[in-house]
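Trainee: Just input.cif, nothing more (mmCIF, C-alpha atoms):
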data_final
loop_
_atom_site.label_atom_id
_atom_site.label_comp_id
_atom_site.auth_asym_id
_atom_site.auth_seq_id
_atom_site.Cartn_x
_atom_site.Cartn_y
_atom_site.Cartn_z
CA MET G 263 99.42 119.49 115.44
CA PHE G 264 102.82 120.14 117.00
CA ASP G 265 105.59 122.38 115.81
CA ILE G 266 108.98 123.51 117.03
CA ASP G 267 109.71 127.24 117.24
CA ILE G 268 113.00 129.02 116.67
CA ASN G 269 113.88 128.63 120.38
CA ASN G 270 113.29 124.85 120.20
CA ASN G 271 110.07 125.07 122.18
CA VAL G 272 107.28 122.66 121.35
CA ILE G 273 104.18 124.50 120.20
CA ILE G 274 100.78 122.84 120.18
CA ARG G 275 99.38 124.29 116.94
CA GLU G 276 95.95 122.70 117.02
CA PRO G 277 93.94 124.18 119.88
CA GLY G 278 91.95 121.01 120.58
CA VAL G 279 94.82 118.56 120.52
CA LEU G 280 94.71 118.05 124.30
CA LEU G 281 91.05 117.06 123.99
CA ILE G 282 92.21 113.95 122.11
CA SER G 283 92.61 111.25 124.74
CA ASP G 284 95.88 109.84 123.34
CA PHE G 285 97.60 113.22 123.76
CA LYS G 286 95.77 114.16 126.96
CA LYS G 287 97.04 111.00 128.72
CA ILE G 288 100.64 112.02 128.03
CA TRP G 289 99.94 115.60 129.14
CA ASP G 290 98.17 114.54 132.33
CA SER G 291 100.82 111.97 133.26
CA ASP G 292 103.39 114.80 133.56
CA LYS G 293 102.75 116.28 137.00
CA SER G 294 105.40 119.02 136.67
CA LYS G 295 104.39 122.68 136.56
CA HIS G 296 105.75 123.42 133.06
CA LYS G 297 104.98 120.00 131.53
CA ASP G 298 108.58 119.63 130.30
CA GLU G 299 108.37 115.82 130.12
CA ALA G 300 105.12 115.87 128.12
CA LEU G 301 106.52 118.50 125.77
CA LYS G 302 109.66 116.40 125.17
CA ILE G 303 107.46 113.43 124.36
CA PHE G 304 105.42 115.60 121.98
CA ALA G 305 108.70 116.70 120.35
CA TYR G 306 109.68 113.03 120.04
CA ILE G 307 106.34 112.24 118.40
CA TYR G 308 106.63 115.25 116.08
CA PHE G 309 110.16 114.42 114.92
CA LYS G 310 109.33 110.74 114.53
CA CYS G 311 105.95 111.02 112.84
CA ASP G 312 105.45 114.39 111.15
CA PHE G 313 105.67 114.24 107.37
CA LYS G 314 107.85 117.37 107.29
CA SER G 315 110.21 116.26 110.06
CA PRO G 316 113.87 116.46 109.04
CA TYR G 317 114.51 113.25 111.01
CA ARG G 318 111.69 111.30 109.44
CA ASN G 319 112.90 112.28 106.01
CA THR G 320 116.54 111.26 106.58
CA LYS G 321 116.46 108.26 108.93
CA THR G 322 114.90 104.83 108.70
CA LYS G 323 112.13 103.81 111.09
CA GLU G 324 114.62 101.56 112.87
CA GLU G 325 117.16 104.39 113.35
CA LEU G 326 114.71 107.07 114.47
CA PRO G 327 114.10 106.13 118.13
CA GLY G 328 117.79 105.91 119.04
CA VAL G 329 118.71 109.12 117.23
CA LEU G 330 115.79 111.03 118.76
CA ILE G 331 116.49 109.77 122.27
CA GLU G 332 120.06 111.02 121.94
CA ASP G 333 119.31 114.32 120.19
CA LEU G 334 116.37 115.25 122.43
CA LYS G 335 118.39 114.24 125.50
CA LEU G 336 115.73 111.84 126.69
CA PRO G 337 116.77 109.38 129.42
CA LYS G 338 118.90 106.51 128.06
CA ASP G 339 116.30 104.05 129.36
CA PHE G 340 113.46 105.87 127.52
CA LYS G 341 110.97 103.42 126.08
CA GLU G 342 107.95 104.05 123.95
CA THR G 343 105.09 103.25 126.27
CA LYS G 344 101.71 102.03 125.10
CA GLU G 345 100.45 105.61 125.51
CA ILE G 346 103.25 107.03 123.34
CA LEU G 347 102.67 104.42 120.63
CA LEU G 348 98.94 105.20 120.60
CA ALA G 349 99.69 108.94 120.40
CA GLU G 350 102.07 108.31 117.49
CA GLU G 351 99.39 106.31 115.68
CA LYS G 352 96.86 109.09 116.28
CA TYR G 353 99.33 111.75 115.09
CA VAL G 354 100.00 109.85 111.86
CA ASP G 355 96.30 109.14 111.36
CA LEU G 356 95.30 112.78 111.81
CA GLN G 357 97.85 114.09 109.31
CA THR G 358 97.48 111.36 106.68
CA THR G 359 95.61 112.31 103.54
CA LYS G 360 95.03 109.84 100.71
CA SER G 361 97.89 111.31 98.71
CA LEU G 362 100.19 111.20 101.75
CA LYS G 363 99.26 107.55 102.26
CA MET G 364 100.35 106.86 98.69
CA ILE G 365 103.66 108.71 99.11
CA LEU G 366 104.37 106.80 102.34
CA ALA G 367 103.88 103.54 100.47
CA ALA G 368 106.23 104.76 97.74
CA GLU G 369 108.84 105.70 100.36
CA LYS G 370 108.56 102.24 101.89
CA ALA G 371 109.19 100.69 98.47
CA LEU G 372 112.14 103.05 97.94
CA ASP G 373 113.59 101.92 101.29
CA GLN G 374 113.41 98.33 100.05
CA VAL G 375 115.20 99.31 96.83
CA THR G 376 117.85 101.08 98.93
CA LYS G 377 118.43 97.86 100.89
CA TYR G 378 118.82 95.98 97.61
CA PHE G 379 121.56 98.37 96.49
CA GLU G 380 123.23 98.27 99.91
CA ASN G 381 123.33 94.48 99.81
CA PHE G 382 124.46 94.17 96.19
CA ASP G 383 127.94 92.62 96.10
CA ILE G 384 129.55 92.17 92.69
CA SER G 385 132.23 89.92 94.18
CA LYS G 386 129.58 87.26 94.82
CA VAL G 387 128.81 86.96 91.08
CA LYS G 388 130.84 83.98 89.78
CA GLU G 389 131.42 84.36 86.03
CA GLU G 390 132.98 87.42 84.39
CA ASP G 391 130.19 87.63 81.79
CA ASP G 392 127.64 87.50 84.59
CA LYS G 393 129.53 90.29 86.39
CA ALA G 394 129.39 92.54 83.31
CA THR G 395 125.67 91.84 82.92
CA SER G 396 125.05 92.44 86.63
CA ILE G 397 126.94 95.74 86.53
CA SER G 398 125.05 96.83 83.42
CA LYS G 399 121.68 96.01 85.03
CA LEU G 400 122.73 97.75 88.23
CA MET G 401 123.68 100.93 86.35
CA GLY G 402 120.35 100.91 84.49
CA ASN G 403 118.51 100.46 87.77
CA LEU G 404 120.44 103.33 89.34
CA LYS G 405 119.36 105.65 86.51
CA GLN G 406 115.73 104.69 87.09
CA VAL G 407 116.07 105.19 90.85
CA ASP G 408 117.36 108.72 90.28
CA GLU G 409 114.30 109.55 88.18
CA VAL G 410 111.93 108.02 90.75
CA ALA G 411 113.63 109.83 93.64
CA MET G 412 113.34 113.20 91.86
CA LYS G 413 109.65 112.62 91.10
CA LEU G 414 109.07 111.50 94.68
CA GLU G 415 110.58 114.74 96.00
CA THR G 416 108.30 116.77 93.69
CA VAL G 417 105.24 114.91 94.92
CA LYS G 418 106.37 115.29 98.56
CA ASP G 419 106.58 119.07 98.06
CA LYS G 420 103.04 119.10 96.66
CA ILE G 421 101.77 117.05 99.60
CA ALA G 422 103.52 119.35 102.08
CA LYS G 423 101.62 122.26 100.50
CA GLU G 424 98.40 120.22 100.67
CA LEU G 425 98.95 119.57 104.37
CA GLU G 426 99.61 123.28 104.94
CA THR G 427 96.31 124.22 103.29
CA LYS G 428 94.56 121.46 105.25
CA LYS G 429 95.68 123.25 108.43
CA LEU G 430 94.16 126.47 107.14
CA SER G 431 90.67 125.34 106.29
CA GLY G 432 87.93 127.95 106.23
CA THR G 433 88.92 131.59 106.46
CA LYS G 434 91.97 131.18 108.67
CA VAL G 435 95.09 133.01 107.61
CA LEU G 436 98.65 132.42 108.78
CA SER G 437 100.28 135.37 110.47
CA SER G 438 103.76 136.29 109.24
CA ARG G 439 105.26 134.78 112.43
CA GLU G 440 103.71 131.38 111.62
CA LEU G 441 105.33 131.23 108.20
CA PRO G 442 108.77 129.68 107.77
CA LYS G 443 111.52 132.32 107.85
CA ASN G 444 112.27 131.96 104.15
CA LYS G 445 108.64 132.79 103.27
CA ARG G 446 108.17 135.84 105.49
CA LYS G 447 107.96 139.25 103.88
#
Please express the file's structure as structure tokens.

Mentor:
Amino acid sequence: MFDIDINNNVIIREPGVLLISDFKKIWDSDKSKHKDEALKIFAYIYFKCDFKSPYRNTKTKEELPGVLIEDLKLPKDFKETKEILLAEEKYVDLQTTKSLKMILAAEKALDQVTKYFENFDISKVKEEDDKATSISKLMGNLKQVDEVAMKLETVKDKIAKELETKKLSGTKVLSSRELPKNKRK
């Protein structure tokens, strides 16, 4: 629905997106001529919610708002209003396929596993034999996590391609300028 061009301008890729009331409310609430505030909010929504967002793929849900407020140079007192939260929900809903829903659930589980590893403290294990066993189990779990993470990345790539073809339903064709730089001829 939204994209960011090479000059860091927000592009509304779907022509009818402003017909959707959740996005239209944000657009209409910005009374400025160039809609800079609305476009910054759309950028915030894109970076927070889009499956291909570099922020969404590297930060936790808890970290995202603070990082985006700082990086997008939004006001320090920026708060997600009811309208923004509804637009985020709509954005996620409109891009979520069944396979994406499954991958999001897998990512959530992986986040929980990450917290387990972050909180693991060998010094809290009392007996030496228990420490050796705990370390051995931890190492085995780490090997499995590596395999799962690699498979997850493969599936994410497939879903990204699926979402790209979903955008191009019918006989639409991407122009060379719409393709990522590394895929242009």

Trainee: I need the residue set behind the PyMOL selection byres ((chain G and resi 394-411) around 10) for this file; please write it as a PDB file with C-alpha atoms, keeping the file's coordinate frame.

Mentor:
ATOM      1  CA  ALA G 368     106.230 104.760  97.740  1.00  0.00           C
ATOM      2  CA  GLU G 369     108.840 105.700 100.360  1.00  0.00           C
ATOM      3  CA  LEU G 372     112.140 103.050  97.940  1.00  0.00           C
ATOM      4  CA  VAL G 375     115.200  99.310  96.830  1.00  0.00           C
ATOM      5  CA  THR G 376     117.850 101.080  98.930  1.00  0.00           C
ATOM      6  CA  PHE G 379     121.560  98.370  96.490  1.00  0.00           C
ATOM      7  CA  PHE G 382     124.460  94.170  96.190  1.00  0.00           C
ATOM      8  CA  ASP G 383     127.940  92.620  96.100  1.00  0.00           C
ATOM      9  CA  ILE G 384     129.550  92.170  92.690  1.00  0.00           C
ATOM     10  CA  VAL G 387     128.810  86.960  91.080  1.00  0.00           C
ATOM     11  CA  GLU G 389     131.420  84.360  86.030  1.00  0.00           C
ATOM     12  CA  GLU G 390     132.980  87.420  84.390  1.00  0.00           C
ATOM     13  CA  ASP G 391     130.190  87.630  81.790  1.00  0.00           C
ATOM     14  CA  ASP G 392     127.640  87.500  84.590  1.00  0.00           C
ATOM     15  CA  LYS G 393     129.530  90.290  86.390  1.00  0.00           C
ATOM     16  CA  MET G 412     113.340 113.200  91.860  1.00  0.00           C
ATOM     17  CA  LYS G 413     109.650 112.620  91.100  1.00  0.00           C
ATOM     18  CA  LEU G 414     109.070 111.500  94.680  1.00  0.00           C
ATOM     19  CA  GLU G 415     110.580 114.740  96.000  1.00  0.00           C
ATOM     20  CA  THR G 416     108.300 116.770  93.690  1.00  0.00           C
ATOM     21  CA  VAL G 417     105.240 114.910  94.920  1.00  0.00           C
TER      22      VAL G 417
END

Trainee: Quote the spacing between atom CA of Leu334 of chain G and atom CA of Ala305 of chain G in Å to one decimal place.

Mentor: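 Pair atom CA of Leu334 of chain G / atom CA of Ala305 of chain G returns 8.1 Å.
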
Trainee: Which residues fall under the PyMOL selection byres ((chain G and resi 343-350) around 10) in this file, as a VMD selection string?

Mentor: chain G and resid 282 to 288 303 to 304 306 to 308 310 to 312 340 to 342 351 to 356

Trainee: Since I can't run it myself right now, could you work out what the PyMOL selection byres ((chain G and resi 421) around 10) selects here and report it as a list in words?

Mentor: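 This file, filtered by the PyMOL selection byres ((chain G and resi 421) around 10), leaves Phe313, Lys314, Thr359, Lys360, Ser361, Leu362, Ile365, Glu415, Thr416, Val417, Lys418, Asp419, Lys420, Ala422, Lys423, Glu424, Leu425, Glu426 and Thr427 of chain G.
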
Trainee: Would you work out the distance separating atom CA of Ala367 of chain G from atom CA of Phe309 of chain G, expressed in Å to one decimal?

Mentor: 19.1 Å

Trainee: Give me, please, the distance in Å between atom CA of Asp339 of chain G and atom CA of Lys295 of chain G, quoted to one decimal.

Mentor: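 Separation between atom CA of Asp339 of chain G and atom CA of Lys295 of chain G: 23.3 Å.
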
Trainee: G:Leu280, G:Ile266, G:Leu366, G:Leu336: which is nearest Arg318 of chain G, counting all atoms listed in the file?

Mentor: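 Residue with the minimum atom-to-atom distance to Arg318 of chain G: G:Leu366.
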
Trainee: I'd like the contact shell of Lys370 of chain G - 12 Å cut-off, only C-alpha atoms, skipping same-chain residues fewer than 6 positions apart - returned as a ChimeraX atom specification.

Mentor: /G:319,322-323,363-364,376-377,414

Trainee: What would segment 281-297 of chain G look like with N, CA, C and O atoms in place, written as a PDB file, in the coordinates of the input?

Mentor:
ATOM      1  N   LEU G 281      92.362 117.696 123.792  1.00  0.00           N
ATOM      2  CA  LEU G 281      91.050 117.060 123.990  1.00  0.00           C
ATOM      3  C   LEU G 281      91.067 115.626 123.464  1.00  0.00           C
ATOM      4  O   LEU G 281      90.193 114.832 123.791  1.00  0.00           O
ATOM      5  N   ILE G 282      92.071 115.304 122.661  1.00  0.00           N
ATOM      6  CA  ILE G 282      92.210 113.950 122.110  1.00  0.00           C
ATOM      7  C   ILE G 282      92.860 113.088 123.180  1.00  0.00           C
ATOM      8  O   ILE G 282      93.953 113.390 123.661  1.00  0.00           O
ATOM      9  N   SER G 283      92.189 112.036 123.564  1.00  0.00           N
ATOM     10  CA  SER G 283      92.610 111.250 124.740  1.00  0.00           C
ATOM     11  C   SER G 283      94.044 110.744 124.649  1.00  0.00           C
ATOM     12  O   SER G 283      94.736 110.708 125.665  1.00  0.00           O
ATOM     13  N   ASP G 284      94.508 110.361 123.460  1.00  0.00           N
ATOM     14  CA  ASP G 284      95.880 109.840 123.340  1.00  0.00           C
ATOM     15  C   ASP G 284      96.926 110.885 123.703  1.00  0.00           C
ATOM     16  O   ASP G 284      97.969 110.549 124.268  1.00  0.00           O
ATOM     17  N   PHE G 285      96.668 112.144 123.407  1.00  0.00           N
ATOM     18  CA  PHE G 285      97.600 113.220 123.760  1.00  0.00           C
ATOM     19  C   PHE G 285      97.368 113.685 125.199  1.00  0.00           C
ATOM     20  O   PHE G 285      98.314 114.003 125.920  1.00  0.00           O
ATOM     21  N   LYS G 286      96.114 113.715 125.596  1.00  0.00           N
ATOM     22  CA  LYS G 286      95.770 114.160 126.960  1.00  0.00           C
ATOM     23  C   LYS G 286      96.396 113.248 128.008  1.00  0.00           C
ATOM     24  O   LYS G 286      96.865 113.715 129.043  1.00  0.00           O
ATOM     25  N   LYS G 287      96.444 111.934 127.760  1.00  0.00           N
ATOM     26  CA  LYS G 287      97.040 111.000 128.720  1.00  0.00           C
ATOM     27  C   LYS G 287      98.516 111.334 128.953  1.00  0.00           C
ATOM     28  O   LYS G 287      98.988 111.299 130.089  1.00  0.00           O
ATOM     29  N   ILE G 288      99.226 111.657 127.896  1.00  0.00           N
ATOM     30  CA  ILE G 288     100.640 112.020 128.030  1.00  0.00           C
ATOM     31  C   ILE G 288     100.762 113.327 128.814  1.00  0.00           C
ATOM     32  O   ILE G 288     101.582 113.455 129.720  1.00  0.00           O
ATOM     33  N   TRP G 289      99.921 114.296 128.467  1.00  0.00           N
ATOM     34  CA  TRP G 289      99.940 115.600 129.140  1.00  0.00           C
ATOM     35  C   TRP G 289      99.636 115.447 130.628  1.00  0.00           C
ATOM     36  O   TRP G 289     100.353 115.971 131.482  1.00  0.00           O
ATOM     37  N   ASP G 290      98.592 114.704 130.934  1.00  0.00           N
ATOM     38  CA  ASP G 290      98.170 114.540 132.330  1.00  0.00           C
ATOM     39  C   ASP G 290      99.142 113.702 133.154  1.00  0.00           C
ATOM     40  O   ASP G 290      99.208 113.863 134.369  1.00  0.00           O
ATOM     41  N   SER G 291      99.886 112.806 132.507  1.00  0.00           N
ATOM     42  CA  SER G 291     100.820 111.970 133.260  1.00  0.00           C
ATOM     43  C   SER G 291     102.038 112.766 133.737  1.00  0.00           C
ATOM     44  O   SER G 291     102.744 112.340 134.649  1.00  0.00           O
ATOM     45  N   ASP G 292     102.286 113.928 133.130  1.00  0.00           N
ATOM     46  CA  ASP G 292     103.390 114.800 133.560  1.00  0.00           C
ATOM     47  C   ASP G 292     102.838 115.727 134.644  1.00  0.00           C
ATOM     48  O   ASP G 292     102.053 116.623 134.367  1.00  0.00           O
ATOM     49  N   LYS G 293     103.273 115.509 135.861  1.00  0.00           N
ATOM     50  CA  LYS G 293     102.750 116.280 137.000  1.00  0.00           C
ATOM     51  C   LYS G 293     103.550 117.556 137.262  1.00  0.00           C
ATOM     52  O   LYS G 293     103.217 118.315 138.154  1.00  0.00           O
ATOM     53  N   SER G 294     104.593 117.817 136.452  1.00  0.00           N
ATOM     54  CA  SER G 294     105.400 119.020 136.670  1.00  0.00           C
ATOM     55  C   SER G 294     104.643 120.275 136.259  1.00  0.00           C
ATOM     56  O   SER G 294     103.707 120.217 135.453  1.00  0.00           O
ATOM     57  N   LYS G 295     105.062 121.399 136.804  1.00  0.00           N
ATOM     58  CA  LYS G 295     104.390 122.680 136.560  1.00  0.00           C
ATOM     59  C   LYS G 295     104.421 123.081 135.080  1.00  0.00           C
ATOM     60  O   LYS G 295     103.428 123.520 134.519  1.00  0.00           O
ATOM     61  N   HIS G 296     105.588 122.934 134.437  1.00  0.00           N
ATOM     62  CA  HIS G 296     105.750 123.420 133.060  1.00  0.00           C
ATOM     63  C   HIS G 296     105.573 122.323 132.000  1.00  0.00           C
ATOM     64  O   HIS G 296     105.744 122.596 130.822  1.00  0.00           O
ATOM     65  N   LYS G 297     105.258 121.118 132.453  1.00  0.00           N
ATOM     66  CA  LYS G 297     104.980 120.000 131.530  1.00  0.00           C
ATOM     67  C   LYS G 297     106.162 119.701 130.604  1.00  0.00           C
ATOM     68  O   LYS G 297     105.986 119.330 129.441  1.00  0.00           O
TER      69      LYS G 297
END
